[in-house]
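Peer 1: Next up, start_37.txt (compact mmCIF, C-alpha atoms and all ligand atoms).
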# COMPACT_ATOMS: atom_id res chain seq x y z
CA MET C 1 33.18 36.04 -13.56
CA ASP C 2 35.43 33.52 -15.30
CA LYS C 3 36.97 30.66 -13.40
CA LEU C 4 40.36 31.44 -11.90
CA SER C 5 43.47 29.54 -10.92
CA ILE C 6 43.98 30.21 -7.20
CA GLN C 7 46.76 29.29 -4.78
CA VAL C 8 45.71 29.28 -1.14
CA VAL C 9 48.67 29.66 1.22
CA GLY C 10 47.98 28.02 4.61
CA GLY C 11 45.91 24.87 5.01
CA SER C 12 44.35 25.42 8.42
CA LEU C 13 40.65 26.06 9.06
CA GLY C 14 40.50 29.38 7.19
CA GLY C 15 42.49 28.20 4.17
CA LEU C 16 40.67 24.88 3.90
CA THR C 17 37.17 26.36 4.17
CA THR C 18 38.06 28.92 1.51
CA ALA C 19 39.62 26.28 -0.74
CA CYS C 20 36.50 24.09 -0.50
CA LEU C 21 34.23 27.01 -1.39
CA LEU C 22 36.36 28.22 -4.28
CA ARG C 23 36.75 24.70 -5.62
CA ASP C 24 32.95 24.17 -5.43
CA ALA C 25 32.54 27.39 -7.44
CA GLY C 26 34.60 25.83 -10.24
CA HIS C 27 37.92 27.59 -9.65
CA ASP C 28 41.16 25.68 -10.02
CA VAL C 29 42.46 25.68 -6.43
CA THR C 30 45.70 24.43 -4.88
CA VAL C 31 46.44 24.68 -1.14
CA PHE C 32 50.04 25.00 -0.01
CA GLU C 33 50.73 24.27 3.65
CA ARG C 34 54.07 24.86 5.36
CA SER C 35 53.80 21.91 7.73
CA SER C 36 55.24 18.70 6.37
CA ARG C 37 52.54 16.60 8.06
CA GLU C 38 48.80 16.98 8.32
CA LEU C 39 48.10 19.41 11.13
CA GLU C 40 47.29 17.18 14.07
CA GLU C 41 49.03 18.81 16.97
CA ARG C 42 46.48 21.47 17.82
CA GLY C 43 44.11 19.43 19.96
CA ALA C 44 42.56 22.35 21.79
CA GLY C 45 38.89 23.19 22.03
CA ILE C 46 37.05 25.89 20.13
CA GLY C 47 33.73 27.57 20.62
CA PHE C 48 31.95 26.41 17.46
CA LEU C 49 30.00 29.24 15.88
CA PRO C 50 27.72 28.79 12.85
CA ALA C 51 30.14 30.30 10.31
CA THR C 52 32.79 27.74 11.31
CA TYR C 53 30.51 24.76 10.60
CA ARG C 54 28.44 26.35 7.81
CA TYR C 55 30.39 24.63 5.03
CA LEU C 56 30.27 21.22 6.68
CA ALA C 57 26.56 21.50 7.55
CA ASP C 58 25.22 23.20 4.41
CA ARG C 59 27.40 21.71 1.70
CA LYS C 60 28.39 18.35 3.15
CA HIS C 61 25.25 17.72 5.23
CA ILE C 62 27.30 16.72 8.22
CA ASP C 63 25.29 16.35 11.40
CA VAL C 64 26.88 18.98 13.63
CA SER C 65 25.91 17.05 16.76
CA GLN C 66 28.37 14.32 15.67
CA ILE C 67 31.32 16.71 15.66
CA SER C 68 30.56 18.99 18.57
CA ILE C 69 29.12 19.04 22.06
CA ALA C 70 26.17 21.22 23.01
CA THR C 71 26.09 22.83 26.43
CA ASP C 72 22.99 24.47 27.89
CA HIS C 73 24.31 26.65 30.70
CA ILE C 74 26.61 29.59 31.26
CA ARG C 75 27.76 29.18 34.83
CA TYR C 76 30.00 31.28 37.06
CA LEU C 77 31.55 29.87 40.19
CA GLY C 78 32.65 31.80 43.23
CA ARG C 79 36.00 31.23 44.93
CA ASP C 80 34.33 28.78 47.34
CA GLY C 81 32.91 26.75 44.46
CA SER C 82 29.34 27.94 44.88
CA VAL C 83 27.32 28.78 41.77
CA LEU C 84 27.15 32.59 41.52
CA HIS C 85 25.24 32.71 38.27
CA ASP C 86 23.58 30.12 36.04
CA ALA C 87 21.78 31.11 32.84
CA GLU C 88 20.38 28.82 30.18
CA HIS C 89 22.23 29.37 26.95
CA ARG C 90 23.18 26.93 24.22
CA TYR C 91 26.72 26.85 22.89
CA LEU C 92 28.44 24.29 20.69
CA PHE C 93 32.04 23.30 21.31
CA SER C 94 34.36 21.28 19.15
CA SER C 95 38.08 20.81 18.82
CA TRP C 96 40.46 22.18 16.24
CA ASN C 97 41.47 18.62 15.20
CA THR C 98 37.91 17.45 14.70
CA VAL C 99 37.01 20.36 12.45
CA TYR C 100 40.29 20.18 10.53
CA ARG C 101 39.78 16.47 9.78
CA GLN C 102 36.24 17.09 8.57
CA LEU C 103 37.29 19.94 6.30
CA LEU C 104 40.17 17.95 4.87
CA GLU C 105 37.76 15.12 4.07
CA ALA C 106 35.33 17.60 2.55
CA TYR C 107 38.10 18.93 0.30
CA GLU C 108 38.34 15.32 -0.96
CA ASP C 109 41.03 14.94 -3.56
CA GLY C 110 41.59 18.67 -3.97
CA PRO C 111 45.31 19.41 -4.17
CA TYR C 112 46.66 19.98 -0.64
CA VAL C 113 50.40 20.24 -0.83
CA LEU C 114 52.25 19.75 2.45
CA GLY C 115 55.80 20.84 3.19
CA HIS C 116 55.46 24.00 1.09
CA GLU C 117 56.36 27.21 2.89
CA LEU C 118 55.80 30.35 0.87
CA VAL C 119 58.95 32.45 1.16
CA ASP C 120 58.34 35.06 -1.54
CA PHE C 121 55.88 36.04 -4.24
CA ALA C 122 55.77 38.38 -7.22
CA ALA C 123 52.55 39.80 -8.57
CA ASP C 124 51.88 41.50 -11.90
CA SER C 125 48.74 42.53 -13.74
CA ARG C 126 47.98 38.98 -14.91
CA GLY C 127 48.86 36.83 -11.94
CA VAL C 128 51.01 35.94 -8.95
CA THR C 129 54.00 33.62 -8.73
CA GLY C 130 54.51 32.01 -5.33
CA TYR C 131 58.02 30.89 -4.43
CA TYR C 132 58.22 28.06 -1.94
CA HIS C 133 61.09 27.11 0.33
CA CYS C 134 61.49 23.72 -1.33
CA GLY C 135 62.14 25.37 -4.70
CA THR C 136 58.64 25.04 -6.16
CA GLU C 137 57.26 28.01 -8.08
CA HIS C 138 53.51 28.19 -8.61
CA ARG C 139 51.76 30.67 -10.87
CA SER C 140 48.06 31.51 -10.41
CA GLU C 141 45.65 34.32 -11.15
CA LEU C 142 44.91 34.92 -7.47
CA LEU C 143 46.85 34.21 -4.26
CA VAL C 144 44.79 33.86 -1.07
CA ALA C 145 46.97 34.26 2.02
CA ALA C 146 45.50 32.26 4.89
CA ASP C 147 48.89 31.93 6.57
CA GLY C 148 47.83 32.94 10.06
CA ILE C 149 49.00 35.41 12.64
CA GLY C 150 52.64 35.36 11.50
CA SER C 151 51.65 35.81 7.82
CA MET C 152 54.67 36.46 5.62
CA VAL C 153 52.32 37.80 2.96
CA ARG C 154 50.92 40.43 5.35
CA THR C 155 54.42 41.31 6.55
CA ARG C 156 55.40 42.01 2.95
CA LEU C 157 52.25 43.91 1.97
CA GLN C 158 51.43 45.73 5.21
CA PRO C 159 54.73 46.08 7.06
CA SER C 160 53.17 48.70 9.34
CA SER C 161 50.58 46.26 10.72
CA GLU C 162 52.79 44.70 13.35
CA ARG C 163 51.20 42.41 15.89
CA SER C 164 50.62 43.97 19.27
CA TYR C 165 50.84 41.95 22.47
CA GLY C 166 47.62 41.96 24.48
CA GLY C 167 49.42 41.75 27.84
CA TYR C 168 48.30 38.23 28.70
CA VAL C 169 48.43 34.60 27.63
CA ALA C 170 46.07 31.65 27.65
CA TRP C 171 47.18 28.72 29.73
CA ARG C 172 45.38 25.70 28.30
CA GLY C 173 44.94 21.99 28.88
CA MET C 174 42.51 19.09 28.59
CA VAL C 175 41.48 16.19 30.83
CA PRO C 176 39.49 13.08 29.85
CA GLU C 177 36.18 13.48 31.63
CA ALA C 178 36.49 9.85 32.78
CA GLU C 179 39.55 10.85 34.83
CA LEU C 180 37.61 13.40 36.83
CA ASP C 181 35.33 12.61 39.70
CA ALA C 182 32.07 11.43 38.06
CA ASP C 183 29.94 14.20 39.60
CA LEU C 184 32.44 16.84 38.59
CA GLY C 185 32.60 15.48 35.03
CA LEU C 186 28.79 15.73 34.80
CA PHE C 187 28.76 19.21 36.32
CA LEU C 188 31.29 20.51 33.79
CA SER C 189 29.98 18.74 30.70
CA ASP C 190 26.71 20.63 30.23
CA ALA C 191 28.01 24.16 30.71
CA ILE C 192 30.66 26.68 30.03
CA THR C 193 31.94 27.31 33.53
CA TYR C 194 33.75 30.50 34.45
CA HIS C 195 35.62 31.85 37.39
CA VAL C 196 36.57 35.52 37.34
CA PHE C 197 39.11 36.92 39.79
CA ALA C 198 41.66 39.72 39.97
CA ASN C 199 42.92 40.46 36.43
CA SER C 200 42.23 36.92 35.31
CA HIS C 201 39.53 34.49 34.29
CA ILE C 202 39.29 30.83 33.45
CA LEU C 203 36.66 29.06 31.37
CA VAL C 204 36.05 25.34 31.14
CA TYR C 205 33.96 23.42 28.59
CA PRO C 206 33.65 19.92 27.08
CA ILE C 207 35.14 19.02 23.69
CA PRO C 208 35.45 15.88 21.51
CA ASN C 209 38.34 13.58 22.33
CA ALA C 210 41.42 13.23 20.13
CA ASP C 211 39.60 10.68 17.93
CA GLY C 212 36.66 13.04 17.53
CA SER C 213 34.28 11.06 19.74
CA VAL C 214 31.57 13.15 21.39
CA ALA C 215 30.04 10.25 23.33
CA PRO C 216 29.51 10.86 27.04
CA GLY C 217 32.43 9.27 28.85
CA ASP C 218 34.81 9.81 25.91
CA ARG C 219 34.87 13.60 25.93
CA LEU C 220 37.59 15.89 27.19
CA ILE C 221 37.16 18.78 29.58
CA ASN C 222 39.08 21.73 28.18
CA PHE C 223 40.21 24.86 30.00
CA VAL C 224 41.44 28.28 28.88
CA TRP C 225 42.92 30.42 31.64
CA TYR C 226 43.93 34.00 30.87
CA ARG C 227 46.86 35.33 32.90
CA ASN C 228 48.86 38.55 32.64
CA TYR C 229 52.59 38.75 31.90
CA LEU C 230 54.50 41.94 31.30
CA GLU C 231 56.11 42.55 27.96
CA GLY C 232 59.87 41.96 28.12
CA GLY C 233 61.58 39.62 30.54
CA ASP C 234 58.36 38.35 32.13
CA ILE C 235 56.74 37.01 28.96
CA ASP C 236 60.09 36.09 27.39
CA ASP C 237 60.88 33.82 30.32
CA LEU C 238 57.45 32.18 30.11
CA LEU C 239 57.94 31.53 26.40
CA THR C 240 61.38 29.98 26.95
CA ASP C 241 60.63 26.29 26.85
CA CYS C 242 61.99 23.40 28.90
CA ASP C 243 64.88 23.01 26.43
CA GLY C 244 65.84 26.67 26.77
CA VAL C 245 64.41 27.55 23.35
CA LYS C 246 62.64 30.92 23.19
CA ARG C 247 59.30 30.35 21.45
CA ASP C 248 57.47 33.01 19.51
CA LEU C 249 53.69 32.65 19.90
CA SER C 250 53.05 29.53 21.91
CA VAL C 251 54.62 26.76 23.97
CA PRO C 252 53.18 23.34 23.06
CA PRO C 253 52.15 20.59 25.48
CA GLY C 254 55.15 18.96 27.13
CA LYS C 255 57.44 21.92 26.42
CA VAL C 256 56.45 24.44 29.11
CA ALA C 257 59.38 25.07 31.50
CA SER C 258 58.80 23.05 34.66
CA HIS C 259 59.02 26.03 37.04
CA HIS C 260 56.26 27.81 35.12
CA GLU C 261 54.07 24.74 34.93
CA ALA C 262 54.54 24.17 38.68
CA GLU C 263 53.69 27.83 39.39
CA ALA C 264 50.51 27.64 37.29
CA ARG C 265 49.34 24.48 39.04
CA ALA C 266 50.15 25.91 42.47
CA THR C 267 48.27 29.11 41.63
CA ALA C 268 45.33 27.06 40.38
CA ALA C 269 45.23 25.18 43.68
CA ALA C 270 45.46 28.40 45.68
CA ARG C 271 43.15 30.71 43.71
CA LEU C 272 40.59 28.74 41.72
CA PRO C 273 37.38 27.13 42.94
CA SER C 274 38.21 23.50 43.72
CA GLN C 275 36.17 22.18 40.76
CA LEU C 276 38.28 24.16 38.28
CA ALA C 277 41.56 23.67 40.15
CA ASP C 278 40.91 19.91 39.90
CA VAL C 279 40.80 20.22 36.11
CA VAL C 280 44.05 22.19 35.87
CA LEU C 281 45.79 19.82 38.28
CA ALA C 282 44.58 16.72 36.40
CA ALA C 283 45.72 17.89 32.95
CA GLU C 284 48.73 15.84 31.88
CA HIS C 285 50.32 18.80 30.12
CA LEU C 286 49.61 22.49 30.10
CA PHE C 287 50.35 24.66 27.10
CA ILE C 288 50.47 28.36 26.40
CA GLN C 289 49.16 30.63 23.65
CA THR C 290 50.07 34.32 23.66
CA ILE C 291 47.31 36.83 22.95
CA TYR C 292 48.16 39.21 20.12
CA ASP C 293 46.10 41.66 18.09
CA ILE C 294 46.65 42.11 14.38
CA GLU C 295 44.87 44.73 12.37
CA VAL C 296 45.24 45.64 8.70
CA ASP C 297 43.79 48.54 6.77
CA GLN C 298 43.73 46.62 3.49
CA MET C 299 42.90 42.99 2.70
CA ALA C 300 43.05 43.08 -1.11
CA PHE C 301 46.27 43.97 -2.92
CA GLY C 302 45.86 43.57 -6.67
CA ARG C 303 45.82 39.80 -7.07
CA VAL C 304 46.52 38.94 -3.45
CA ALA C 305 43.88 38.60 -0.71
CA LEU C 306 44.59 38.27 3.02
CA LEU C 307 42.09 36.41 5.18
CA GLY C 308 41.54 34.92 8.64
CA ASP C 309 44.23 35.59 11.23
CA ALA C 310 46.58 36.75 8.45
CA ALA C 311 44.43 39.88 8.22
CA PHE C 312 42.89 40.34 11.67
CA ALA C 313 43.92 38.27 14.67
CA VAL C 314 41.34 38.96 17.34
CA ARG C 315 41.30 38.06 21.00
CA PRO C 316 39.55 34.77 21.70
CA HIS C 317 36.80 36.21 23.94
CA ALA C 318 34.09 36.01 21.25
CA ALA C 319 35.16 32.45 20.24
CA ALA C 320 34.98 33.77 16.70
CA GLY C 321 38.46 33.51 15.13
CA THR C 322 37.72 30.46 12.98
CA ALA C 323 34.24 31.81 12.22
CA LYS C 324 35.72 35.04 10.93
CA ALA C 325 38.24 33.15 8.79
CA ALA C 326 35.42 31.02 7.35
CA ASP C 327 33.23 34.07 6.75
CA ASP C 328 36.10 35.71 4.86
CA GLY C 329 36.09 32.61 2.63
CA TRP C 330 32.31 32.58 2.10
CA MET C 331 32.23 36.25 1.23
CA LEU C 332 35.20 35.93 -1.13
CA ALA C 333 33.52 33.09 -3.03
CA GLU C 334 30.31 35.12 -3.21
CA ALA C 335 32.07 38.26 -4.48
CA LEU C 336 33.88 36.25 -7.17
CA ARG C 337 30.52 34.78 -8.22
CA THR C 338 28.63 38.04 -8.44
CA GLU C 339 31.13 40.63 -9.64
CA ALA C 340 32.20 41.11 -13.23
CA ASP C 341 35.95 41.22 -12.68
CA LEU C 342 38.52 40.29 -10.07
CA GLY C 343 39.36 43.86 -9.04
CA GLN C 344 35.72 44.67 -8.42
CA ALA C 345 35.16 41.39 -6.58
CA LEU C 346 38.10 41.97 -4.23
CA ALA C 347 37.07 45.57 -3.58
CA THR C 348 33.51 44.53 -2.67
CA TRP C 349 34.80 41.71 -0.48
CA GLU C 350 37.35 43.89 1.26
CA ARG C 351 34.76 46.49 2.26
CA THR C 352 32.60 44.06 4.24
CA GLN C 353 35.44 41.99 5.70
CA LEU C 354 37.43 44.99 6.91
CA ASP C 355 34.32 46.09 8.79
CA LEU C 356 33.88 42.62 10.25
CA GLY C 357 37.51 42.39 11.37
CA ARG C 358 37.58 45.88 12.87
CA GLY C 359 34.33 45.40 14.74
CA LEU C 360 35.32 42.03 16.15
CA LEU C 361 38.76 43.21 17.17
CA ALA C 362 37.34 46.23 18.99
CA ARG C 363 34.75 44.12 20.80
CA THR C 364 37.21 41.42 21.87
CA ARG C 365 39.80 43.99 22.99
CA ASP C 366 37.17 45.55 25.19
CA VAL C 367 36.12 42.23 26.71
CA GLY C 368 39.76 41.30 27.32
CA SER C 369 40.54 44.60 28.92
CA ARG C 370 37.53 44.34 31.23
CA SER C 371 38.75 40.96 32.46
CA GLN C 372 42.50 41.46 32.51
CA VAL C 373 42.86 45.15 33.34
CA SER C 374 39.83 46.97 34.74
CA ASN C 375 38.10 44.07 36.52
CA THR C 376 34.68 45.13 35.24
CA TRP C 377 33.59 41.77 33.87
CA HIS C 378 30.36 40.71 35.56
CA PRO C 379 28.51 37.41 35.28
CA GLY C 380 25.39 37.70 33.17
CA ASP C 381 26.63 40.64 31.11
CA PRO C 382 25.13 40.01 27.64
CA ASP C 383 28.18 41.62 25.98
CA LEU C 384 30.19 38.57 27.00
CA ILE C 385 28.12 36.12 24.92
CA PHE C 386 30.15 34.59 22.08
CA GLY C 387 29.33 35.66 18.53
CA LEU C 388 30.92 36.67 15.26
CA HIS C 389 29.00 39.80 14.30
CA ARG C 390 27.78 40.76 17.75
CA PRO C 391 27.20 38.96 21.06
CA GLY C 392 24.93 35.98 20.37
CA ASP C 393 25.13 36.22 16.57
C1 LIG G 1 43.68 30.98 23.29
C2 LIG G 1 42.92 30.92 21.98
C3 LIG G 1 41.62 30.46 21.99
C4 LIG G 1 40.86 30.45 20.81
N1 LIG G 1 39.58 30.01 20.85
C5 LIG G 1 38.84 30.04 19.73
C6 LIG G 1 37.49 29.60 19.75
O1 LIG G 1 36.94 29.20 20.81
N2 LIG G 1 36.78 29.63 18.58
C7 LIG G 1 37.34 30.06 17.41
O2 LIG G 1 36.66 30.05 16.37
N3 LIG G 1 38.62 30.50 17.35
C8 LIG G 1 39.37 30.50 18.48
N4 LIG G 1 40.66 30.94 18.44
C9 LIG G 1 41.18 31.55 17.20
C10 LIG G 1 41.52 30.58 16.12
O3 LIG G 1 42.40 29.58 16.58
C11 LIG G 1 42.15 31.33 14.94
O4 LIG G 1 41.43 32.49 14.66
C12 LIG G 1 42.15 30.45 13.70
O5 LIG G 1 42.93 29.31 13.90
C13 LIG G 1 42.66 31.22 12.49
O6 LIG G 1 42.64 30.38 11.38
P1 LIG G 1 43.53 30.69 10.10
O7 LIG G 1 43.24 29.56 9.15
O8 LIG G 1 43.29 32.08 9.68
O9 LIG G 1 45.03 30.67 10.61
P2 LIG G 1 45.89 29.51 11.31
O10 LIG G 1 45.00 28.52 11.98
O11 LIG G 1 46.92 30.18 12.13
O12 LIG G 1 46.56 28.78 10.10
C14 LIG G 1 47.61 29.31 9.34
C15 LIG G 1 48.21 28.16 8.54
O13 LIG G 1 49.14 28.68 7.61
C16 LIG G 1 50.30 27.88 7.61
N5 LIG G 1 51.39 28.77 7.19
C17 LIG G 1 51.93 29.81 7.87
N6 LIG G 1 52.87 30.42 7.15
C18 LIG G 1 52.93 29.76 5.96
C19 LIG G 1 53.72 29.93 4.78
N7 LIG G 1 54.64 30.91 4.69
N8 LIG G 1 53.53 29.05 3.76
C20 LIG G 1 52.60 28.07 3.85
N9 LIG G 1 51.83 27.87 4.94
C21 LIG G 1 52.00 28.71 5.99
C22 LIG G 1 50.42 27.41 9.06
O14 LIG G 1 51.22 26.26 9.18
C23 LIG G 1 48.96 27.16 9.40
O15 LIG G 1 48.55 25.86 9.06
C24 LIG G 1 41.44 30.92 19.59
C25 LIG G 1 42.77 31.37 19.58
C26 LIG G 1 43.50 31.38 20.76
C27 LIG G 1 44.93 31.87 20.74
What's the structure tokens form of this structure?
Peer 2:
Amino acid sequence: MDKLSIQVVGGSLGGLTTACLLRDAGHDVTVFERSSRELEERGAGIGFLPATYRYLADRKHIDVSQISIATDHIRYLGRDGSVLHDAEHRYLFSSWNTVYRQLLEAYEDGPYVLGHELVDFAADSRGVTGYYHCGTEHRSELLVAADGIGSMVRTRLQPSSERSYGGYVAWRGMVPEAELDADLGLFLSDAITYHVFANSHILVYPIPNADGSVAPGDRLINFVWYRNYLEGGDIDDLLTDCDGVKRDLSVPPGKVASHHEAEARATAAARLPSQLADVVLAAEHLFIQTIYDIEVDQMAFGRVALLGDAAFAVRPHAAAGTAKAADDGWMLAEALRTEADLGQALATWERTQLDLGRGLLARTRDVGSRSQVSNTWHPGDPDLIFGLHRPGD
């Protein structure tokens, strides 16, 4: 079909991948990002599935080994630190910052407009006008909403699809491997290491450092520890930061209330195998991300498309959130290439991506519930392998 003018709202991994693909296909693309600075604050690790790096590897010929760390074992530790289970399995891990920087570079001089928060939009049969907080109005033939879990576009178009709290949060942190005992650093840097205990689990894996270096000695050891908090006062108190400000989705490093941070470290010391407790105790700052589910029953609305977390926010247990956002972008570019008109393209795209989102959400809900509620998560269960479409794929 003809080339389109497209505004992409949200310049994180989903929005940027999509913008690169649509720009490569000859469309006239502009990305609008709410943040006034390039997004550098999200240093945490990500399981790095093929869809997440597909653009960088296939189109930009970036050597994935330079931006990620390969591990060859899935390992479970018992409470006494003994190895309960060790299976050979290759995963790649990277960090949000590393991937973001690479995608931004790949987008080259494509328009990426910071400090632009979409506050309203109006669509008609010929296009969409986006209204931004700073007063800018931008007209395009298609608006792609990649504005994440709190998407204002989704809230407007699917008010019934409210986020639902999963009942637990991820406590997270990172430690330079050089700050750990050398043997421990080695032990943790070639594996994803789990400990599963009552209504909780922690996983630990290596990631690039803040500068993106993946060289042994430079890397960080990253942990994600899932812990239950009741809806209401329990979670509200956790999300009230050290300045007394009630946060919505997350509490960033340095802002967690000291009594909660002290409790988490004390619990780590009391309940985790010493190797993993050492990591939690050595992290300079802990931070918190709340686990929410979002589900929509429509992703295409005339000339507006919702993708990534704006459409389906899935639990992190398949390490597939950024992969799903990227796949939404690949499939959108493909549908625009092959279909005769925009309506047909969005309808074709929506069919496959709704299926993907629903399937992944159901699978990750199940995995989460087995760990956090029913305690039926067993080492070696193939259903627990990361993957976008299914475990391992
Ligand atoms: C604990 C945890 C662990 C995870 N682990 C993994 C993992 O291992 N692997 C993995 O692939 N994924 C993982 N994820 C999921 C992953 O982080 C998300 O799925 C992914 O970031 C979604 O990307 P996105 O681009 O759709 O949205 P986001 O990254 O949320 O980006 C949305 C962007 O839109 C901008 N924005 C918002 N509103 C507006 C507006 N009105 N106007 C303009 N801009 C706006 C925001 O500033 C932001 O930059 C994890 C998530 C959590 C919580």
Peer 1: Need the shell around stretch 70-81 of chain C: protein/DNA/RNA residues with any atom at most 7 Å away, counting only C-alpha atoms. Skip same-chain ones fewer than 4 positions apart. Format as a ChimeraX atom specification?
Peer 2: /C:85-93,190-195,272-275,379
Peer 1: Export, as a PDB file, in the frame of the given file, the selected residues with C-alpha atoms.
Peer 2:
ATOM      1  CA  HIS C  85      25.240  32.710  38.270  1.00  0.00           C
ATOM      2  CA  ASP C  86      23.580  30.120  36.040  1.00  0.00           C
ATOM      3  CA  ALA C  87      21.780  31.110  32.840  1.00  0.00           C
ATOM      4  CA  GLU C  88      20.380  28.820  30.180  1.00  0.00           C
ATOM      5  CA  HIS C  89      22.230  29.370  26.950  1.00  0.00           C
ATOM      6  CA  ARG C  90      23.180  26.930  24.220  1.00  0.00           C
ATOM      7  CA  TYR C  91      26.720  26.850  22.890  1.00  0.00           C
ATOM      8  CA  LEU C  92      28.440  24.290  20.690  1.00  0.00           C
ATOM      9  CA  PHE C  93      32.040  23.300  21.310  1.00  0.00           C
ATOM     10  CA  ASP C 190      26.710  20.630  30.230  1.00  0.00           C
ATOM     11  CA  ALA C 191      28.010  24.160  30.710  1.00  0.00           C
ATOM     12  CA  ILE C 192      30.660  26.680  30.030  1.00  0.00           C
ATOM     13  CA  THR C 193      31.940  27.310  33.530  1.00  0.00           C
ATOM     14  CA  TYR C 194      33.750  30.500  34.450  1.00  0.00           C
ATOM     15  CA  HIS C 195      35.620  31.850  37.390  1.00  0.00           C
ATOM     16  CA  LEU C 272      40.590  28.740  41.720  1.00  0.00           C
ATOM     17  CA  PRO C 273      37.380  27.130  42.940  1.00  0.00           C
ATOM     18  CA  SER C 274      38.210  23.500  43.720  1.00  0.00           C
ATOM     19  CA  GLN C 275      36.170  22.180  40.760  1.00  0.00           C
ATOM     20  CA  PRO C 379      28.510  37.410  35.280  1.00  0.00           C
TER      21      PRO C 379
END
Peer 1: At a cut-off of 7 Å, using all atoms listed in the file, what residues contact C:Arg172? Leave out same-chain residues fewer than 6 positions from it and give the result as a list of chain:residue names.
Peer 2: C:Phe223, C:Val224, C:Trp225, C:Leu286, C:Phe287, C:Ile288
Peer 1: Mind dumping the selected residues with C-alpha atoms as a PDB file, keeping the file's coordinate frame?
Peer 2:
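Now in part31.pdb:
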ATOM      1  CA  PHE C 223      40.210  24.860  30.000  1.00  0.00           C
ATOM      2  CA  VAL C 224      41.440  28.280  28.880  1.00  0.00           C
ATOM      3  CA  TRP C 225      42.920  30.420  31.640  1.00  0.00           C
ATOM      4  CA  LEU C 286      49.610  22.490  30.100  1.00  0.00           C
ATOM      5  CA  PHE C 287      50.350  24.660  27.100  1.00  0.00           C
ATOM      6  CA  ILE C 288      50.470  28.360  26.400  1.00  0.00           C
TER       7      ILE C 288
END
Peer 1: Distance table requested - chain C against ligand LIG 1 (chain G), cut-off 6 Å, all atoms listed in the file: one row per qualifying residue with the closest atom pair and its distance in Å to one decimal, ordered by chain and rising residue number, as JSON lines.
Peer 2:
{"residue": "C:Val9", "atom": "CA", "partner": "G:LIG1", "partner_atom": "C20", "distance": 5.0}
{"residue": "C:Gly10", "atom": "CA", "partner": "G:LIG1", "partner_atom": "O13", "distance": 3.3}
{"residue": "C:Gly11", "atom": "CA", "partner": "G:LIG1", "partner_atom": "O15", "distance": 4.9}
{"residue": "C:Ser12", "atom": "CA", "partner": "G:LIG1", "partner_atom": "O15", "distance": 4.3}
{"residue": "C:Leu13", "atom": "CA", "partner": "G:LIG1", "partner_atom": "O7", "distance": 4.4}
{"residue": "C:Gly14", "atom": "CA", "partner": "G:LIG1", "partner_atom": "O7", "distance": 3.4}
{"residue": "C:Gly15", "atom": "CA", "partner": "G:LIG1", "partner_atom": "O7", "distance": 5.2}
{"residue": "C:Phe32", "atom": "CA", "partner": "G:LIG1", "partner_atom": "C20", "distance": 5.6}
{"residue": "C:Glu33", "atom": "CA", "partner": "G:LIG1", "partner_atom": "N9", "distance": 4.0}
{"residue": "C:Arg34", "atom": "CA", "partner": "G:LIG1", "partner_atom": "N9", "distance": 3.8}
{"residue": "C:Ser35", "atom": "CA", "partner": "G:LIG1", "partner_atom": "O14", "distance": 5.3}
{"residue": "C:Ile46", "atom": "CA", "partner": "G:LIG1", "partner_atom": "O1", "distance": 3.4}
{"residue": "C:Gly47", "atom": "CA", "partner": "G:LIG1", "partner_atom": "O1", "distance": 3.6}
{"residue": "C:Phe48", "atom": "CA", "partner": "G:LIG1", "partner_atom": "N2", "distance": 5.9}
{"residue": "C:His116", "atom": "CA", "partner": "G:LIG1", "partner_atom": "C20", "distance": 5.7}
{"residue": "C:Glu117", "atom": "CA", "partner": "G:LIG1", "partner_atom": "N8", "distance": 3.5}
{"residue": "C:Leu118", "atom": "CA", "partner": "G:LIG1", "partner_atom": "N8", "distance": 3.9}
{"residue": "C:Val119", "atom": "CA", "partner": "G:LIG1", "partner_atom": "N7", "distance": 5.8}
{"residue": "C:Ala146", "atom": "CA", "partner": "G:LIG1", "partner_atom": "O8", "distance": 5.3}
{"residue": "C:Asp147", "atom": "CA", "partner": "G:LIG1", "partner_atom": "O13", "distance": 3.4}
{"residue": "C:Gly148", "atom": "CA", "partner": "G:LIG1", "partner_atom": "O11", "distance": 3.6}
{"residue": "C:Ile149", "atom": "CA", "partner": "G:LIG1", "partner_atom": "O11", "distance": 5.7}
{"residue": "C:Ser151", "atom": "CA", "partner": "G:LIG1", "partner_atom": "N6", "distance": 5.6}
{"residue": "C:Met152", "atom": "CA", "partner": "G:LIG1", "partner_atom": "N7", "distance": 5.6}
{"residue": "C:Ala170", "atom": "CA", "partner": "G:LIG1", "partner_atom": "C1", "distance": 5.0}
{"residue": "C:Gln289", "atom": "CA", "partner": "G:LIG1", "partner_atom": "C27", "distance": 5.3}
{"residue": "C:Ile291", "atom": "CA", "partner": "G:LIG1", "partner_atom": "C27", "distance": 5.9}
{"residue": "C:Gly308", "atom": "CA", "partner": "G:LIG1", "partner_atom": "O8", "distance": 3.5}
{"residue": "C:Asp309", "atom": "CA", "partner": "G:LIG1", "partner_atom": "O8", "distance": 4.0}
{"residue": "C:Ala310", "atom": "CA", "partner": "G:LIG1", "partner_atom": "O8", "distance": 5.8}
{"residue": "C:Pro316", "atom": "CA", "partner": "G:LIG1", "partner_atom": "C4", "distance": 4.6}
{"residue": "C:Ala319", "atom": "CA", "partner": "G:LIG1", "partner_atom": "N2", "distance": 3.7}
{"residue": "C:Ala320", "atom": "CA", "partner": "G:LIG1", "partner_atom": "O2", "distance": 4.1}
{"residue": "C:Gly321", "atom": "CA", "partner": "G:LIG1", "partner_atom": "O4", "distance": 3.2}
{"residue": "C:Thr322", "atom": "CA", "partner": "G:LIG1", "partner_atom": "O2", "distance": 3.6}
{"residue": "C:Ala323", "atom": "CA", "partner": "G:LIG1", "partner_atom": "O2", "distance": 5.1}
{"residue": "C:Ala325", "atom": "CA", "partner": "G:LIG1", "partner_atom": "O8", "distance": 5.2}
